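Student: Attaching a single structure in structure tokens format; questions to follow.
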Amino acid sequence: MVSSYNLWPVCPFMFLSGRRMDEENIYEKIKDIFGKFPGNISILEEQVDIDLQMEYFEFSRDVKKNPAPAGLNDLSKNLFDREFPADGKKKILVQLAVSEEVEAYRTIEKYLTHPDTGLRDWAVLAFQESRMLLQSRLLDEDQVFISTGLGGKGTKLRYFVALINSTGKPFSKLQKRIVSAELDYHLKKHEAEAEEICFIEDYCTILAIIPFRAPIRELFRDAVEECNHLGGFLKENFIVTNVKKLSYEEINEFVTRKNVT
């Protein structure tokens with residue numbers, strides 16, 4: 001079998017539960033695709049800006065079409081030269097990443113211990129790609145790499161979720177206890193965990209690590225339903241995204257734009 005590694009550059013989405021949206025459909029398609037993949041799935045754990053990821057993977061595709069003429073020693077020398085321009089180092093990191101040399105992988109790994117200002121995230125992506133390529137070649141297994149704006153941990157992805165108080169008022173102490181308890185129960189039920197739960201005025205925001213194939217909408221829908229059985233204070237619609245953490249203003253803007261009721 002000829003091994004390969006598939007870079008799924010970014011699989012970002014944002015949807016409002018209860019509304020049929022293109023982003024939600026994309027997510028379902030992604031699950032269908034990966035359910036058919038025979039290889040191993042690796043998830044980028046770092047939180048890296050979506051636009052930067054897109055820039056990196058487009059750059060990587062171009063470099064593969066035009067391999068570097070310079071040798072590994074020259075690339076390494078320039079990479080660790082603090083006077084060498086940043087744009088040049090970005091190209092070098094990609095050139096090293098698409099190489100099949102273990103030494104190239106080790107060079108990126110070493111650079112990551114003391115990266116230049118503004119190049120750490122780029123180096124993280126190069127390191128991940130280099131590792132995927134080596135794993136594919138050495139283990140003779142197909143590899144699939146998934147990256148999102150919020151990153152992940154192990155085989156789980158990180159999500160930002162916003163629940164909305166239907167009263168339009170800040171959550172009471174009792175409501176906070178109910179929401180926290182129900183979220184804890186339903187997340188554990190799906191082998192997930194909350195890294196952060198915050199109550200900001202009439203919103204409850206959650207940063208959670210959830211298995212890739214877990215039913216995201218069902219998980220939080222059930223939690224909302226249970227909370228409402230105990231008090232009826234949450235709107236049925238809620239925001240889910242793996243692009244980034246949203247600020248209070250961004251949540252407000254999204255809710256207003258989608259005319260949440």
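Chain identifiers are assigned as A, B, and so on, following the order in which chains appear in the structure tokens; residues are numbered from 1 within each chain, and ligands are numbered from 1 in order of appearance.
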Name all residues at most 12 Å from A:Phe57 (count only C-alpha atoms; drop same-chain ones fewer than 3 positions away) and give them as JSON, numbers by chain.
Tutor: {"A": [6, 7, 8, 9, 10, 50, 51, 52, 53, 54, 60, 61, 62, 63, 64, 90, 91, 94, 97, 98, 122, 125, 126, 128, 129, 145, 147]}
Student: Can you pull out every residue within 10 Å of stretch 84-86 of chain A, counting only C-alpha atoms, but drop anything in the same chain fewer than 5 positions away, and send it as a PyMOL selection string?
Tutor: chain A and resi 77-79+91-92+116-119
Student: Which parts of stretch 22-137 of chain A does DSSP call strand (DSSP E) when run on the backbone here, written out as a count of residues only?
Tutor: 4
Student: Name all residues at most 12 Å from A:Phe171 (count only C-alpha atoms; drop same-chain ones fewer than 6 positions away) and give them as a list in words.
Tutor: Leu163, Ile164, Asn165, Arg177, Ile178, Val179, Ser180, Cys198, Phe199, Ile200, Glu201, Asp202, Tyr203, Cys204, Thr205, Gly231, Phe233 and Leu234 of chain A
Student: Can I get the selected residues back with C-alpha atoms, as an mmCIF file, in the first residue's frame?
Tutor:
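For reference, again.cif as written:
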```cif
data_model
loop_
_atom_site.group_PDB
_atom_site.id
_atom_site.type_symbol
_atom_site.label_atom_id
_atom_site.label_comp_id
_atom_site.auth_asym_id
_atom_site.auth_seq_id
_atom_site.Cartn_x
_atom_site.Cartn_y
_atom_site.Cartn_z
ATOM 1 C CA LEU A 163 -26.309 29.603 25.645
ATOM 2 C CA ILE A 164 -28.834 32.428 25.880
ATOM 3 C CA ASN A 165 -30.999 33.368 28.861
ATOM 4 C CA ARG A 177 -25.837 25.996 39.357
ATOM 5 C CA ILE A 178 -28.410 24.261 37.165
ATOM 6 C CA VAL A 179 -26.567 25.061 33.912
ATOM 7 C CA SER A 180 -23.173 24.020 35.314
ATOM 8 C CA CYS A 198 -18.496 31.748 32.093
ATOM 9 C CA PHE A 199 -21.663 33.711 32.724
ATOM 10 C CA ILE A 200 -21.641 37.130 31.037
ATOM 11 C CA GLU A 201 -24.870 39.048 31.488
ATOM 12 C CA ASP A 202 -27.562 36.988 29.694
ATOM 13 C CA TYR A 203 -25.101 34.582 28.032
ATOM 14 C CA CYS A 204 -23.416 31.428 29.290
ATOM 15 C CA THR A 205 -20.256 30.685 27.306
ATOM 16 C CA GLY A 231 -36.667 26.405 35.254
ATOM 17 C CA PHE A 233 -34.928 30.036 31.406
ATOM 18 C CA LEU A 234 -32.858 29.136 28.305
#
```
Student: Between A:Ile206, A:Ala214, A:Ala162, A:Val102, which one has atoms that come closest to A:Arg137, using only C-alpha atoms?
Tutor: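 Among the listed residues, A:Val102 lies closest to A:Arg137.
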Student: Near stretch 190-195 of chain A, counting only C-alpha atoms, which residues have an atom at most 6 Å away, once you skip same-chain residues fewer than 5 positions from it, shown as a VMD selection string?
Tutor: chain A and resid 207 to 210
Student: Write a file of the just-selected residues containing N, CA and C atoms, as a PDB file, in the first residue's frame.
Tutor:
```
ATOM      1  N   LEU A 207     -16.273  26.713  26.825  1.00  0.00           N
ATOM      2  CA  LEU A 207     -15.164  26.251  26.004  1.00  0.00           C
ATOM      3  C   LEU A 207     -14.982  24.789  26.375  1.00  0.00           C
ATOM      4  N   ALA A 208     -15.233  23.896  25.422  1.00  0.00           N
ATOM      5  CA  ALA A 208     -15.255  22.463  25.736  1.00  0.00           C
ATOM      6  C   ALA A 208     -14.442  21.648  24.745  1.00  0.00           C
ATOM      7  N   ILE A 209     -13.890  20.543  25.253  1.00  0.00           N
ATOM      8  CA  ILE A 209     -13.167  19.576  24.429  1.00  0.00           C
ATOM      9  C   ILE A 209     -14.101  18.388  24.223  1.00  0.00           C
ATOM     10  N   ILE A 210     -14.407  18.085  22.943  1.00  0.00           N
ATOM     11  CA  ILE A 210     -15.415  17.071  22.628  1.00  0.00           C
ATOM     12  C   ILE A 210     -14.898  16.135  21.534  1.00  0.00           C
TER      13      ILE A 210
END
```
Student: Per DSSP on the backbone, filter stretch 52-115 of chain A down to the residues in helix (DSSP H, G or I) and report them as a ChimeraX atom specification.
Tutor: /A:52-65,72-79,86-97,102-113
Student: One decimal, in Å: what's the spacing between atom CA of A:Phe80 and atom CA of A:Lys110?
Tutor: 9.6 Å
Student: Can you pull out the residues contacting A:Asp49? Cut-off 9 Å, using only C-alpha atoms, and skip same-chain residues under 6 positions away; I want them as a ChimeraX atom specification.
Tutor: /A:121,148-150,243-244
Student: Please save C-alpha atoms of the selected residues as an mmCIF file, in the first residue's frame.
Tutor:
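Final output, saved to part-v2.cif:
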```
data_model
loop_
_atom_site.group_PDB
_atom_site.id
_atom_site.type_symbol
_atom_site.label_atom_id
_atom_site.label_comp_id
_atom_site.auth_asym_id
_atom_site.auth_seq_id
_atom_site.Cartn_x
_atom_site.Cartn_y
_atom_site.Cartn_z
ATOM 1 C CA ASP A 121 2.167 29.550 14.885
ATOM 2 C CA THR A 148 -9.526 24.318 13.389
ATOM 3 C CA GLY A 149 -9.177 27.782 14.845
ATOM 4 C CA LEU A 150 -9.703 26.540 18.404
ATOM 5 C CA VAL A 243 -13.386 29.055 14.756
ATOM 6 C CA LYS A 244 -12.583 31.184 17.827
#
```
